[in-house]
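**Q** Following this line is entry01.txt, made up of compact mmCIF, C-alpha atoms:
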# COMPACT_ATOMS: atom_id res chain seq x y z
CA MET L 142 27.40 -6.55 6.06
CA ALA L 143 24.82 -7.39 3.38
CA TYR L 144 21.12 -7.11 4.21
CA ARG L 145 18.12 -8.46 2.28
CA ILE L 146 15.62 -5.72 1.52
CA GLY L 147 12.16 -6.83 0.42
CA THR L 148 10.19 -5.07 -2.29
CA ARG L 149 7.36 -5.56 -4.73
CA GLY L 150 8.46 -6.20 -8.30
CA SER L 151 6.94 -3.19 -10.06
CA ALA L 152 9.21 -0.58 -11.62
CA LEU L 153 8.07 1.98 -9.07
CA ALA L 154 8.56 -0.33 -6.08
CA THR L 155 12.05 -1.43 -7.12
CA THR L 156 13.02 2.18 -7.89
CA GLN L 157 11.85 3.33 -4.47
CA THR L 158 13.56 0.44 -2.74
CA GLN L 159 16.83 1.08 -4.57
CA TRP L 160 16.65 4.74 -3.54
CA VAL L 161 16.36 3.66 0.12
CA ALA L 162 19.13 1.08 -0.28
CA ASP L 163 21.49 3.59 -1.91
CA ALA L 164 20.78 6.16 0.81
CA MET L 165 21.54 3.68 3.60
CA THR L 166 24.58 2.01 2.00
CA THR L 167 27.80 2.73 3.89
CA ALA L 168 31.20 1.12 4.26
CA ASP L 169 29.57 -1.23 6.79
CA THR L 170 26.24 -1.89 5.06
CA GLU L 171 25.04 -3.01 1.65
CA PHE L 172 21.63 -4.19 0.46
CA GLU L 173 20.33 -6.87 -1.89
CA GLN L 174 16.79 -6.52 -3.26
CA VAL L 175 14.47 -9.52 -2.84
CA ILE L 176 11.30 -9.39 -4.98
CA ILE L 177 8.15 -10.46 -3.14
CA LYS L 178 4.90 -10.98 -5.07
CA THR L 179 1.83 -9.55 -3.33
CA LYS L 180 -1.89 -10.21 -3.82
CA GLY L 181 -2.24 -6.82 -5.49
CA ASP L 182 0.41 -7.76 -8.06
CA VAL L 183 -1.05 -11.12 -9.14
CA THR L 184 -4.83 -10.57 -8.84
CA THR L 185 -6.96 -8.69 -11.33
CA GLY L 186 -10.07 -6.65 -10.62
CA SER L 187 -10.93 -3.46 -8.79
CA LEU L 188 -8.44 -2.40 -6.13
CA ALA L 189 -11.28 -1.61 -3.71
CA ASN L 190 -12.84 -5.04 -4.25
CA LEU L 191 -9.47 -6.68 -3.58
CA GLY L 192 -9.46 -5.14 -0.12
CA GLY L 193 -8.11 -1.63 -0.67
CA THR L 194 -5.30 -0.51 1.61
CA GLY L 195 -3.08 -3.45 2.63
CA VAL L 196 -3.45 -5.56 -0.51
CA PHE L 197 0.10 -4.63 -1.59
CA ALA L 198 1.70 -5.03 1.85
CA THR L 199 0.68 -8.36 3.38
CA ALA L 200 3.15 -10.65 1.59
CA LEU L 201 6.03 -8.20 2.11
CA ARG L 202 5.25 -7.99 5.80
CA GLN L 203 5.08 -11.76 6.12
CA ALA L 204 8.52 -12.04 4.49
CA VAL L 205 9.94 -9.84 7.28
CA ILE L 206 8.16 -11.84 9.99
CA ASP L 207 9.40 -15.13 8.51
CA GLY L 208 12.98 -13.86 8.27
CA GLU L 209 13.00 -14.17 4.48
CA VAL L 210 14.19 -10.54 4.35
CA ASP L 211 15.76 -8.26 6.95
CA LEU L 212 13.63 -5.23 6.13
CA ALA L 213 10.97 -4.16 3.62
CA VAL L 214 10.20 -0.90 1.84
CA HIS L 215 6.57 0.13 1.37
CA SER L 216 4.73 3.13 0.04
CA LEU L 217 3.36 4.32 3.38
CA LYS L 218 -0.15 4.77 1.98
CA ASP L 219 -0.22 1.01 1.27
CA LEU L 220 0.01 0.16 4.98
CA PRO L 221 -3.17 -0.28 7.02
CA ALA L 222 -3.43 2.12 9.96
CA LYS L 223 -3.24 -0.66 12.55
CA GLN L 224 0.39 -1.70 13.02
CA PRO L 225 1.03 -5.46 13.59
CA GLU L 226 2.74 -6.27 16.89
CA GLN L 227 5.42 -8.33 15.10
CA LEU L 228 6.59 -5.37 13.01
CA ARG L 229 7.67 -1.77 13.45
CA ILE L 230 8.26 1.11 11.07
CA ALA L 231 11.93 1.82 11.69
CA ALA L 232 12.34 4.73 9.27
CA ILE L 233 10.26 7.19 7.28
CA PRO L 234 12.68 9.05 4.97
CA GLU L 235 12.11 12.58 3.75
CA ARG L 236 8.75 12.83 2.04
CA ALA L 237 8.37 13.40 -1.71
CA ASP L 238 5.59 15.43 -3.36
CA TYR L 239 2.40 14.35 -1.60
CA ARG L 240 -0.01 15.79 -4.19
CA ASP L 241 -2.14 13.93 -6.71
CA ALA L 242 -1.22 14.40 -10.37
CA LEU L 243 -3.57 14.95 -13.27
CA CYS L 244 -2.07 13.54 -16.46
CA ALA L 245 -4.32 14.79 -19.25
CA ALA L 246 -4.42 15.03 -23.01
CA GLU L 247 -3.35 18.31 -24.58
CA GLY L 248 -2.10 19.78 -21.30
CA MET L 249 -5.56 20.05 -19.80
CA THR L 250 -6.29 20.74 -16.11
CA LEU L 251 -9.27 19.93 -13.91
CA GLU L 252 -10.69 23.31 -14.84
CA THR L 253 -10.25 22.91 -18.61
CA LEU L 254 -11.29 19.28 -19.08
CA PRO L 255 -14.40 19.19 -21.30
CA LYS L 256 -17.80 18.30 -19.89
CA GLY L 257 -18.17 14.54 -19.57
CA ALA L 258 -14.43 13.90 -19.84
CA LYS L 259 -13.36 10.33 -19.07
CA ILE L 260 -10.96 10.18 -16.10
CA GLY L 261 -9.20 6.99 -15.05
CA THR L 262 -8.58 6.10 -11.40
CA GLY L 263 -9.13 3.08 -9.17
CA SER L 264 -9.12 5.14 -5.96
CA PRO L 265 -12.46 5.77 -4.19
CA ARG L 266 -10.80 8.75 -2.44
CA ARG L 267 -9.93 10.34 -5.76
CA ILE L 268 -13.31 9.45 -7.29
CA ALA L 269 -15.24 11.10 -4.46
CA GLN L 270 -13.19 14.30 -4.54
CA LEU L 271 -13.19 14.49 -8.34
CA LEU L 272 -16.98 14.23 -8.42
CA ALA L 273 -17.27 16.83 -5.68
CA LEU L 274 -15.32 19.22 -7.92
CA ARG L 275 -16.70 18.13 -11.29
CA PRO L 276 -19.90 16.04 -11.05
CA ASP L 277 -20.04 15.93 -14.86
CA LEU L 278 -16.91 13.79 -15.17
CA GLU L 279 -17.14 10.13 -16.21
CA ILE L 280 -14.94 8.04 -13.92
CA VAL L 281 -13.37 4.87 -15.36
CA ASP L 282 -11.96 2.27 -12.95
CA ILE L 283 -8.40 1.38 -13.93
CA ARG L 284 -5.49 -0.62 -12.52
CA GLY L 285 -2.00 -1.47 -13.67
CA ASN L 286 1.48 -0.02 -13.39
CA VAL L 287 2.18 3.65 -14.01
CA HIS L 288 3.11 3.22 -17.68
CA THR L 289 0.01 1.11 -18.36
CA ARG L 290 -2.26 3.75 -16.84
CA LEU L 291 -0.54 6.63 -18.61
CA ALA L 292 -0.96 4.79 -21.92
CA ARG L 293 -4.72 5.11 -21.47
CA VAL L 294 -4.48 8.89 -22.01
CA LYS L 295 -5.25 10.10 -25.53
CA GLY L 296 -2.06 10.94 -27.41
CA TYR L 297 0.34 9.35 -24.91
CA GLU L 298 1.02 6.23 -26.97
CA HIS L 299 1.66 8.36 -30.07
CA HIS L 300 4.15 10.75 -28.48
CA HIS L 301 5.73 8.30 -26.03
CA ASP L 302 5.50 4.91 -27.74
CA ASN L 303 8.69 3.74 -26.03
CA ALA L 304 6.83 3.40 -22.72
CA PRO L 305 5.68 -0.19 -22.05
CA SER L 306 2.13 -1.19 -21.19
CA ALA L 307 0.47 -4.48 -20.37
CA ALA L 308 -0.40 -6.67 -23.34
CA GLY L 309 -4.03 -6.27 -24.33
CA SER L 310 -4.57 -3.13 -22.24
CA PRO L 311 -6.57 -0.33 -23.87
CA LYS L 312 -4.62 2.67 -25.17
CA GLY L 313 -5.69 6.25 -25.71
CA ASP L 314 -9.29 5.75 -24.53
CA LEU L 315 -9.26 8.32 -21.70
CA ASP L 316 -8.98 12.09 -21.44
CA ALA L 317 -6.88 11.88 -18.27
CA VAL L 318 -5.73 9.70 -15.39
CA VAL L 319 -4.97 10.65 -11.79
CA LEU L 320 -1.86 9.22 -10.13
CA ALA L 321 0.46 10.20 -7.28
CA CYS L 322 3.06 12.86 -8.07
CA ALA L 323 5.66 11.06 -5.97
CA GLY L 324 5.57 7.88 -8.02
CA ILE L 325 5.66 9.71 -11.34
CA ASP L 326 8.57 11.85 -10.18
CA ARG L 327 10.53 8.87 -8.88
CA LEU L 328 10.19 7.16 -12.26
CA GLY L 329 11.36 10.27 -14.09
CA LEU L 330 7.99 10.70 -15.83
CA ASP L 331 7.17 14.18 -14.55
CA TRP L 332 6.70 15.38 -18.15
CA ALA L 333 3.35 13.52 -18.08
CA ILE L 334 1.91 15.71 -15.30
CA THR L 335 -0.33 18.50 -16.55
CA GLN L 336 -1.49 19.59 -13.07
CA ARG L 337 -0.15 18.96 -9.59
CA ILE L 338 -3.48 19.17 -7.82
CA ASP L 339 -3.57 21.66 -4.95
CA PRO L 340 -4.53 19.93 -1.66
CA GLU L 341 -7.16 22.65 -1.26
CA LEU L 342 -8.92 20.89 -4.15
CA MET L 343 -8.01 17.27 -3.46
CA LEU L 344 -6.41 15.90 -0.32
CA PRO L 345 -4.04 12.94 -0.78
CA ALA L 346 -4.22 9.54 0.84
CA PRO L 347 -2.79 9.36 4.37
CA GLY L 348 0.93 8.72 3.95
CA GLN L 349 1.04 9.59 0.24
CA GLY L 350 4.51 10.58 -0.91
CA ALA L 351 6.19 8.88 2.05
CA LEU L 352 8.08 5.59 2.22
CA ALA L 353 8.11 3.27 5.22
CA VAL L 354 10.99 0.94 6.09
CA GLU L 355 9.66 -1.90 8.18
CA VAL L 356 11.60 -4.38 10.33
CA SER L 357 10.82 -7.12 12.82
CA ALA L 358 9.73 -5.91 16.24
CA ASP L 359 10.92 -9.16 17.81
CA LYS L 360 14.51 -9.09 16.54
CA ALA L 361 16.45 -5.86 16.93
CA PRO L 362 18.62 -4.85 13.94
CA ASP L 363 22.36 -5.05 14.49
CA ALA L 364 24.25 -1.85 15.26
CA SER L 365 25.12 -1.00 11.63
CA LEU L 366 21.58 -1.40 10.33
CA ALA L 367 20.07 0.33 13.35
CA ALA L 368 22.33 3.34 12.80
CA ALA L 369 21.43 3.54 9.10
CA LEU L 370 17.71 3.35 9.86
CA ALA L 371 17.89 5.99 12.58
CA HIS L 372 19.83 8.34 10.29
CA HIS L 373 17.13 8.14 7.61
CA ASP L 374 14.12 8.50 9.92
CA GLN L 375 13.20 12.11 9.09
CA PRO L 376 11.48 13.86 12.04
CA ALA L 377 9.00 15.97 10.04
CA ALA L 378 7.96 13.01 7.88
CA ARG L 379 7.55 10.83 10.98
CA LEU L 380 5.33 13.40 12.74
CA GLU L 381 3.21 13.97 9.63
CA ALA L 382 2.73 10.24 9.09
CA THR L 383 1.83 9.70 12.75
CA ALA L 384 -0.93 12.32 12.65
CA GLU L 385 -2.34 11.09 9.32
CA ARG L 386 -2.35 7.44 10.38
CA ALA L 387 -3.94 8.28 13.74
CA LEU L 388 -6.75 10.06 11.92
CA LEU L 389 -7.17 7.10 9.57
CA ALA L 390 -7.24 4.60 12.45
CA THR L 391 -9.80 6.65 14.38
CA LEU L 392 -12.09 7.22 11.38
CA GLU L 393 -11.90 3.63 10.18
CA ALA L 394 -13.26 2.50 13.53
CA GLY L 395 -16.67 3.83 12.49
CA CYS L 396 -16.45 5.34 9.01
CA ALA L 397 -16.12 3.43 5.74
CA SER L 398 -16.26 6.43 3.38
CA PRO L 399 -13.21 7.57 1.38
CA ILE L 400 -10.69 9.51 3.49
CA GLY L 401 -8.05 12.06 2.50
CA ALA L 402 -5.52 13.59 4.89
CA LEU L 403 -2.45 15.78 4.83
CA ALA L 404 -0.28 16.78 7.78
CA THR L 405 2.41 19.42 7.26
CA TYR L 406 5.12 20.29 9.77
CA THR L 407 6.66 23.75 9.43
CA ASP L 408 8.15 26.27 11.85
CA GLY L 409 7.41 24.22 14.94
CA ARG L 410 3.74 23.67 14.10
CA LEU L 411 1.98 20.54 12.89
CA ARG L 412 -1.18 21.11 10.85
CA LEU L 413 -3.58 18.37 9.80
CA ASP L 414 -6.22 18.77 7.08
CA ALA L 415 -8.65 15.94 6.41
CA VAL L 416 -11.72 15.12 4.34
CA VAL L 417 -14.33 12.39 4.33
CA ALA L 418 -16.52 12.24 1.24
CA ALA L 419 -19.54 10.38 -0.05
CA MET L 420 -18.55 8.20 -3.02
CA ASP L 421 -20.74 10.19 -5.40
CA GLY L 422 -19.17 13.48 -4.29
CA THR L 423 -22.47 14.96 -3.15
CA LYS L 424 -21.29 15.57 0.41
CA THR L 425 -17.87 16.18 1.93
CA ILE L 426 -16.80 16.89 5.49
CA ARG L 427 -13.48 18.70 5.76
CA ARG L 428 -11.78 19.84 8.96
CA GLU L 429 -8.34 20.96 10.12
CA ALA L 430 -6.43 21.63 13.33
CA THR L 431 -2.93 22.75 14.29
CA THR L 432 -0.73 22.11 17.31
CA ALA L 433 2.52 23.74 18.41
CA LEU L 434 5.22 21.09 18.33
CA PRO L 435 8.78 22.45 18.43
CA VAL L 436 11.03 19.46 17.95
CA GLU L 437 14.66 18.73 17.15
CA ALA L 438 14.37 15.00 17.64
CA ILE L 439 11.51 12.52 17.83
CA THR L 440 10.47 11.53 21.34
CA ASP L 441 7.57 9.55 22.77
CA ALA L 442 5.99 12.86 23.83
CA THR L 443 6.15 14.46 20.36
CA LEU L 444 4.81 11.31 18.72
CA ALA L 445 1.97 11.22 21.23
CA ALA L 446 1.13 14.86 20.48
CA ALA L 447 1.08 14.15 16.73
CA TYR L 448 -1.12 11.11 17.30
CA GLN L 449 -3.55 13.11 19.41
CA LEU L 450 -3.83 15.72 16.66
CA GLY L 451 -5.02 12.97 14.32
CA VAL L 452 -7.52 11.72 16.89
CA LYS L 453 -8.76 15.27 17.48
CA VAL L 454 -9.48 15.99 13.82
CA ALA L 455 -11.09 12.57 13.31
CA THR L 456 -13.32 13.12 16.34
CA MET L 457 -14.38 16.52 14.99
CA MET L 458 -15.38 14.86 11.73
CA ILE L 459 -17.31 12.07 13.42
CA ASP L 460 -19.14 14.67 15.51
CA ASP L 461 -20.04 16.39 12.22
CA GLY L 462 -21.51 13.18 10.79
CA ALA L 463 -18.62 11.49 8.98
CA ASP L 464 -19.79 8.11 10.23
CA LEU L 465 -23.20 8.69 8.63
CA LEU L 466 -21.95 9.20 5.08
CA PRO L 467 -22.66 6.36 2.61
CA PRO L 468 -19.77 3.88 2.70
CA GLY L 469 -17.28 3.39 -0.10
CA PRO L 470 -15.82 0.01 -1.15
CA ALA L 471 -13.72 -1.98 1.31
CA ARG L 472 -11.32 0.56 2.81
CA GLY L 473 -10.28 1.74 -0.63
CA ASN L 474 -8.94 5.16 0.37
CA ARG L 475 -5.82 5.17 -1.77
Represent the structure contained in this file as structure tokens.

**A**
Amino acid sequence: MAYRIGTRGSALATTQTQWVADAMTTADTEFEQVIIKTKGDVTTGSLANLGGTGVFATALRQAVIDGEVDLAVHSLKDLPAKQPEQLRIAAIPERADYRDALCAAEGMTLETLPKGAKIGTGSPRRIAQLLALRPDLEIVDIRGNVHTRLARVKGYEHHHDNAPSAAGSPKGDLDAVVLACAGIDRLGLDWAITQRIDPELMLPAPGQGALAVEVSADKAPDASLAAALAHHDQPAARLEATAERALLATLEAGCASPIGALATYTDGRLRLDAVVAAMDGTKTIRREATTALPVEAITDATLAAAYQLGVKVATMMIDDGADLLPPGPARGNR
């Protein structure tokens, strides 16, 4: 049977969606991509001022609710922490590289960038952590697809002039940009990465590197689709996402500062590291906790334990003053 799978129209979104479709295609299932335009795709301006997390997801989600598509593929970090009652995340496939990527001129790293280097990013989370590491950096707010942002790096357009960029966009005016490793890898542009930033230096956005396949909560998928979704719901990725999103939901209840989080599940233990930072990087609160969680399959009990780990770490941070840090722009934690 053929199913309609909703996606944004960017090269990265369609690539990710095709990867999910190919993985779930069987003798009984095939998928047709349906392009859905979102507010984040058609509106210009700062990502944070557009509403931050959720700006890329709303139209896709509405297409599922309205029955325009049977399922939708999101970058998990694009989904707000509060899950709508009409929808459920039916699968979180195996997670890609969750780290942030520095793409810099002349192979530079965070340590070797010159004083006052111009770094492009539209993410308050990245801005806050960059300034905590290197307060001398000049941060430039940028948007656009991956190729457009990479074209801002000095030398990129000369050595890789076959890569498209938006008409009228500046080229070669920055020393570096910071993007997600997962997206760059999925597009086959890993040559552009000069440093995969250690999470000890910069924690990613909650859900970074993971994809979420969302379906209607009111209409159960048929047997073929349900089986395909269940097969591609990876237990470790599901537990990690649950802890990270629980932390995000708990912190967002009383904290508007940029948030980074990374849960890792190995050898029967789930560890969660998190940071909340002032936008200017002058203060950060970072905490971690671990819980034993031997699991062969996802159950309500294991999900509850992962969720409680997120709540625990968030509560520790609030107790340490996370809710008193100066706020960042509208939930712009990406």

**Q** Applying 12 Å and only C-alpha atoms, which residues near Leu254 in chain L remain after dropping the ones on its own chain fewer than 2 positions away? List them as a PDB file with C-alpha atoms, in the frame of the given file.

**A**
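Saved the output as part.pdb:
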ATOM      1  CA  LEU L 243      -3.570  14.950 -13.270  1.00  0.00           C
ATOM      2  CA  CYS L 244      -2.070  13.540 -16.460  1.00  0.00           C
ATOM      3  CA  ALA L 245      -4.320  14.790 -19.250  1.00  0.00           C
ATOM      4  CA  ALA L 246      -4.420  15.030 -23.010  1.00  0.00           C
ATOM      5  CA  GLU L 247      -3.350  18.310 -24.580  1.00  0.00           C
ATOM      6  CA  GLY L 248      -2.100  19.780 -21.300  1.00  0.00           C
ATOM      7  CA  MET L 249      -5.560  20.050 -19.800  1.00  0.00           C
ATOM      8  CA  THR L 250      -6.290  20.740 -16.110  1.00  0.00           C
ATOM      9  CA  LEU L 251      -9.270  19.930 -13.910  1.00  0.00           C
ATOM     10  CA  GLU L 252     -10.690  23.310 -14.840  1.00  0.00           C
ATOM     11  CA  LYS L 256     -17.800  18.300 -19.890  1.00  0.00           C
ATOM     12  CA  GLY L 257     -18.170  14.540 -19.570  1.00  0.00           C
ATOM     13  CA  ALA L 258     -14.430  13.900 -19.840  1.00  0.00           C
ATOM     14  CA  LYS L 259     -13.360  10.330 -19.070  1.00  0.00           C
ATOM     15  CA  ILE L 260     -10.960  10.180 -16.100  1.00  0.00           C
ATOM     16  CA  LEU L 271     -13.190  14.490  -8.340  1.00  0.00           C
ATOM     17  CA  LEU L 274     -15.320  19.220  -7.920  1.00  0.00           C
ATOM     18  CA  ARG L 275     -16.700  18.130 -11.290  1.00  0.00           C
ATOM     19  CA  ASP L 277     -20.040  15.930 -14.860  1.00  0.00           C
ATOM     20  CA  LEU L 278     -16.910  13.790 -15.170  1.00  0.00           C
ATOM     21  CA  GLU L 279     -17.140  10.130 -16.210  1.00  0.00           C
ATOM     22  CA  LEU L 315      -9.260   8.320 -21.700  1.00  0.00           C
ATOM     23  CA  ASP L 316      -8.980  12.090 -21.440  1.00  0.00           C
ATOM     24  CA  ALA L 317      -6.880  11.880 -18.270  1.00  0.00           C
ATOM     25  CA  VAL L 318      -5.730   9.700 -15.390  1.00  0.00           C
ATOM     26  CA  THR L 335      -0.330  18.500 -16.550  1.00  0.00           C
ATOM     27  CA  GLN L 336      -1.490  19.590 -13.070  1.00  0.00           C
TER      28      GLN L 336
END

**Q** Could you name the residues that touch range 321-330 of chain L at 9 Å or less, counting all atoms listed in the file, but leaving out those on the same chain fewer than 2 positions away, as an mmCIF file with C-alpha atoms, keeping the file's coordinate frame?

**A**
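Generated file (out05.cif):
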data_model
loop_
_atom_site.group_PDB
_atom_site.id
_atom_site.type_symbol
_atom_site.label_atom_id
_atom_site.label_comp_id
_atom_site.auth_asym_id
_atom_site.auth_seq_id
_atom_site.Cartn_x
_atom_site.Cartn_y
_atom_site.Cartn_z
ATOM 1 C CA ALA L 152 9.210 -0.580 -11.620
ATOM 2 C CA LEU L 153 8.070 1.980 -9.070
ATOM 3 C CA ALA L 154 8.560 -0.330 -6.080
ATOM 4 C CA THR L 156 13.020 2.180 -7.890
ATOM 5 C CA GLN L 157 11.850 3.330 -4.470
ATOM 6 C CA ARG L 236 8.750 12.830 2.040
ATOM 7 C CA ALA L 237 8.370 13.400 -1.710
ATOM 8 C CA ASP L 238 5.590 15.430 -3.360
ATOM 9 C CA TYR L 239 2.400 14.350 -1.600
ATOM 10 C CA ARG L 240 -0.010 15.790 -4.190
ATOM 11 C CA ASP L 241 -2.140 13.930 -6.710
ATOM 12 C CA ALA L 242 -1.220 14.400 -10.370
ATOM 13 C CA LEU L 243 -3.570 14.950 -13.270
ATOM 14 C CA VAL L 287 2.180 3.650 -14.010
ATOM 15 C CA VAL L 319 -4.970 10.650 -11.790
ATOM 16 C CA TRP L 332 6.700 15.380 -18.150
ATOM 17 C CA ALA L 333 3.350 13.520 -18.080
ATOM 18 C CA ILE L 334 1.910 15.710 -15.300
ATOM 19 C CA ARG L 337 -0.150 18.960 -9.590
ATOM 20 C CA PRO L 345 -4.040 12.940 -0.780
ATOM 21 C CA GLN L 349 1.040 9.590 0.240
ATOM 22 C CA GLY L 350 4.510 10.580 -0.910
ATOM 23 C CA ALA L 351 6.190 8.880 2.050
#

**Q** Quick one: 4 Å padding each side, axis-aligned, all listed atoms of range 314-320 of chain L - centre and edge lengths in Å to one decimal, as AutoDock Vina command-line options?

**A**
--center_x -5.6 --center_y 8.9 --center_z -17.3 --size_x 15.4 --size_y 14.3 --size_z 22.4

**Q** So, with all atoms listed in the file as the atoms that count, which of L:Leu444, L:Ala369, L:Ile426, L:Val281 lies closest to Asp461 in chain L?

**A**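 Answer, going by the shortest atom-to-atom distance: L:Ile426.
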
**Q** Under the rule that all atoms listed in the file are counted, which of L:Ile146, L:Ala402, L:Leu434, L:Val294 is the nearest residue to Trp160 in chain L?

**A**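 For Trp160 in chain L, the nearest of the candidates is L:Ile146.
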
**Q** Given all atoms listed in the file as the basis, pick out the residue of L:Pro276, L:Thr167, L:Ala371, L:Asn286 nearest to Thr262 in chain L.

**A**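 Residue with the minimum atom-to-atom distance to Thr262 in chain L: L:Asn286.
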
**Q** Given all atoms listed in the file as the basis, pick out the residue of L:Lys178, L:Arg284, L:Lys223, L:Arg229 nearest to Ala394 in chain L.

**A**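 Closest to Ala394 in chain L of all the choices is L:Lys223.
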
**Q** Please, what distance in Å, to one decimal, runs between CA of Ala397 in chain L and CA of Gly469 in chain L?

**A** 6.0 Å

**Q** Up to 9 Å from (-11.7, 6.9, 10.1) in the file's coordinates: name the residues, counting all atoms listed in the file, as a PyMOL selection string.

**A** chain L and resi 387-400+417+455-456+458-459+463-464

**Q** From the list L:Ala367, L:Ile233, L:Leu380, L:Ala430, which residue is nearest Asp414 in chain L when using all atoms listed in the file?

**A**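 Looking only at the distances to Asp414 in chain L, the closest residue turns out to be L:Ala430.
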
**Q** Quick one: residues within 12 Å of Glu173 in chain L, only C-alpha atoms counted, chain neighbours fewer than 2 positions away excluded, as a VMD selection string?

**A** chain L and resid 142 to 148 155 158 to 159 161 to 163 165 to 166 170 to 171 175 to 176 210 to 213

**Q** For CA of Ala200 in chain L and CA of Glu385 in chain L, quote the distance in Å rounded to one decimal.

**A**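 The value is 23.7 Å.
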
**Q** With distances taken over all atoms listed in the file, which of L:Leu466, L:Ala438, L:Leu291, L:Val356 is nearest to Glu226 in chain L?

**A**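 Checking each candidate against Glu226 in chain L, we get L:Val356 as the closest.
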
**Q** Could you tell me how far CA of Ser357 in chain L sits from CA of Ala384 in chain L, in Å to one decimal place?

**A**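 Rounded to one decimal, the two atoms are 22.7 Å apart.
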
**Q** At a cut-off of 8 Å, using only C-alpha atoms, what residues contact Leu272 in chain L? Leave out same-chain residues fewer than 6 positions from it and give the result as a ChimeraX atom specification.

**A** /L:278,421-423

**Q** Give me the residues within 6 Å of Arg293 in chain L as a ChimeraX atom specification, counting all atoms listed in the file and dropping any in the same chain fewer than 4 places off.

**A** /L:312-315
